[in-house]
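In what follows, a structure is listed as structure tokens, so that the remarks can point back to it.
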Amino acid sequence: GFGVGAPDQTVYSGGDSLVDEQFHLVIQTWGPDGLRLQVDDAEPVWVTDGVSRLPRAAVAMVFGDLSGGGARVAADLAEVRFYDEALVDAELDTIRAELADKHGLGQGVVVPPFSIIAQGFDADGRFFVTIESVAGVRYRLLYLSPEGGEWTEIASARAGGAELTLADPRDPGVAGFYLVVADAGGALPPLEPFAILGGGFSGPGQGYVVVQSVPGHTYVLLKKTALGVGEWVEVDRATADGPETTLTDPDATGPTAFYRVLGE
């Protein structure tokens, strides 16, 4: 919510709850047209009636609570900016992109609800969970002691594909509660020019190439048996989860073949 007094008036954002372990960008405007509140890329919400437009003397300004107390926000503030005039949409878009890039606000990565595929204990007695995931998104495994206290992050990883496994790295036999949360952590890093680091045969008729990669991006291996003839055929693709990615050709049996790798 965003409000001013004399008389008291508040505008509230609509949509889903914002208590979701994600970063959010909030833009608040108070001016001749009333109160305007926008969260992320949602449509702005306005209040125009009963809003004071009078100049203000020195006045207390409160963030994350009502001026009288009692409605605290359970969140951290990364940055607060003030402007002495209402900004036009183009200016707001520029600021939104700048803050998203600076603080990693998840621009360009949509994190849908995800399901647990499997969970349990490995052969050493350590807890693990496998979830549906979105490539490029970081997921965090949180732990809460049976005695209560705060949720504590014990493991995290950026997904390289449609499934991700997180495990408790501590000694076996730890009792407690576990929670997995998604953290977009900003847009995917940009796709960079990459080199082929190596290649060869891993077995009879099994060819492979190793390329430099950026986690979260997908790399595609294409093949031709003769240049200038026919179409390039996709033989493998993989979403990178590290600085190197291996692509394979399961049918490298011909006398000659040409390969190329594309990044997405």
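If you're wondering about the labels, chains in the structure tokens are A, B, ... by order shown, residues count from 1 in each chain, ligands from 1 in order shown.
Every protein, DNA or RNA residue with an atom at most 10 Å from A:Glu43, where only C-alpha atoms count and chain neighbours fewer than 3 positions away do not, is listed here: Ser13, Gly14, Gly15, Leu37, Gln38, Val39, Asp40 and Trp46 of chain A.
Proximity to A:Glu85 at 8 Å, evaluated using only C-alpha atoms and with sequence-adjacent residues fewer than 2 positions away removed, yields A:Gly31, A:Tyr83, A:Leu87.
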Residues from the last selection, C-alpha atoms, saved as a compact mmCIF listing (two decimals), in the first residue's frame:
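Once written, again.txt looks like this:
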# COMPACT_ATOMS: atom_id res chain seq x y z
CA GLY A 31 0.75 14.34 -7.66
CA TYR A 83 12.01 12.27 -7.78
CA LEU A 87 7.79 10.47 -14.36
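Ranking A:Leu247, A:Ile154, A:Ala75, A:Ile131 by their shortest atom-to-atom distance to A:Gln206, with only C-alpha atoms included, puts A:Leu247 first.
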Within 7 Å of A:Ala159, counting only C-alpha atoms, which residues show up once you throw out same-chain ones fewer than 2 positions away? Write them as an mmCIF file with N, CA, C and O atoms, in the first residue's frame, please.
data_model
loop_
_atom_site.group_PDB
_atom_site.id
_atom_site.type_symbol
_atom_site.label_atom_id
_atom_site.label_comp_id
_atom_site.auth_asym_id
_atom_site.auth_seq_id
_atom_site.Cartn_x
_atom_site.Cartn_y
_atom_site.Cartn_z
ATOM 1 N N SER A 133 11.987 -27.651 -12.660
ATOM 2 C CA SER A 133 12.753 -26.407 -12.630
ATOM 3 C C SER A 133 12.738 -25.721 -13.988
ATOM 4 O O SER A 133 12.366 -26.313 -15.003
ATOM 5 N N VAL A 134 13.159 -24.467 -13.981
ATOM 6 C CA VAL A 134 13.297 -23.663 -15.192
ATOM 7 C C VAL A 134 14.770 -23.327 -15.361
ATOM 8 O O VAL A 134 15.410 -22.820 -14.431
ATOM 9 N N ALA A 135 15.324 -23.630 -16.523
ATOM 10 C CA ALA A 135 16.740 -23.375 -16.767
ATOM 11 C C ALA A 135 17.074 -21.912 -16.519
ATOM 12 O O ALA A 135 16.365 -21.010 -16.957
ATOM 13 N N GLY A 136 18.165 -21.683 -15.799
ATOM 14 C CA GLY A 136 18.611 -20.332 -15.512
ATOM 15 C C GLY A 136 18.132 -19.780 -14.191
ATOM 16 O O GLY A 136 18.645 -18.770 -13.718
ATOM 17 N N VAL A 137 17.152 -20.442 -13.565
ATOM 18 C CA VAL A 137 16.614 -19.980 -12.288
ATOM 19 C C VAL A 137 17.350 -20.675 -11.146
ATOM 20 O O VAL A 137 17.633 -21.869 -11.216
ATOM 21 N N ARG A 138 17.667 -19.916 -10.101
ATOM 22 C CA ARG A 138 18.321 -20.493 -8.931
ATOM 23 C C ARG A 138 17.262 -20.932 -7.922
ATOM 24 O O ARG A 138 16.316 -20.203 -7.634
ATOM 25 N N ALA A 157 21.297 -24.020 -6.126
ATOM 26 C CA ALA A 157 21.870 -24.330 -7.431
ATOM 27 C C ALA A 157 21.025 -23.669 -8.503
ATOM 28 O O ALA A 157 19.806 -23.503 -8.342
ATOM 29 N N GLY A 161 18.154 -27.363 -16.547
ATOM 30 C CA GLY A 161 17.131 -28.006 -17.365
ATOM 31 C C GLY A 161 15.818 -28.093 -16.622
ATOM 32 O O GLY A 161 15.533 -27.293 -15.728
ATOM 33 N N LEU A 164 15.853 -30.523 -11.218
ATOM 34 C CA LEU A 164 16.998 -30.139 -10.398
ATOM 35 C C LEU A 164 16.912 -30.876 -9.069
ATOM 36 O O LEU A 164 15.833 -30.981 -8.479
ATOM 37 N N GLY A 216 22.450 -21.971 -18.047
ATOM 38 C CA GLY A 216 21.090 -21.557 -18.353
ATOM 39 C C GLY A 216 20.798 -21.467 -19.832
ATOM 40 O O GLY A 216 19.640 -21.525 -20.240
ATOM 41 N N ASP A 241 24.890 -26.171 -17.439
ATOM 42 C CA ASP A 241 24.857 -25.940 -15.998
ATOM 43 C C ASP A 241 26.245 -25.603 -15.466
ATOM 44 O O ASP A 241 26.490 -25.642 -14.260
#
For stretch 209-212 of chain A, work out the shell of residues within 7 Å, counting only C-alpha atoms and skipping chain neighbours fewer than 6 positions away, then give it as a list in words. Phe194, Ala195, Ile196, Leu197, Gly198, Gly199, Gly200, Pro243, Glu244, Thr245, Thr246, Leu247 and Thr248 of chain A
Neighbours of A:Thr225 within 6 Å (only C-alpha atoms; same-chain residues fewer than 2 positions away dropped), as number ranges by chain? A: 256-258
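Between atom CA of A:Leu227 and atom CA of A:Glu264 the separation is 23.2 Å.
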Selection: 12 Å around A:Gly254, only C-alpha atoms, excl. self and same-chain fewer than 5 positions, as a PyMOL selection string: chain A and resi 204-207+223-226+249
Assign secondary structure with DSSP using the backbone only, and return the residues of stretch 88-258 of chain A in strand (DSSP E or B) as a PyMOL selection string. chain A and resi 116-121+127-132+138-145+148-158+163-167+177-183+196-203+206-212+218-224+233-239+244-249+258
Which value, in Å to one decimal, gives the distance between atom CA of A:Pro215 and atom CA of A:Glu234? 20.7 Å
Would you mind telling me which residue in A:Glu132, A:Thr48, A:Phe121, A:Pro193 lies nearest to A:Pro172 when using only C-alpha atoms? A:Phe121
Using only C-alpha atoms: which of A:Tyr208, A:Phe82, A:Phe201, A:Tyr178 has the shortest distance to A:Ser145: A:Tyr178
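Distances to A:Val181 were evaluated for A:Glu163, A:Asp76, A:Asp124, A:Glu153 using only C-alpha atoms, and the minimum falls at A:Glu153.
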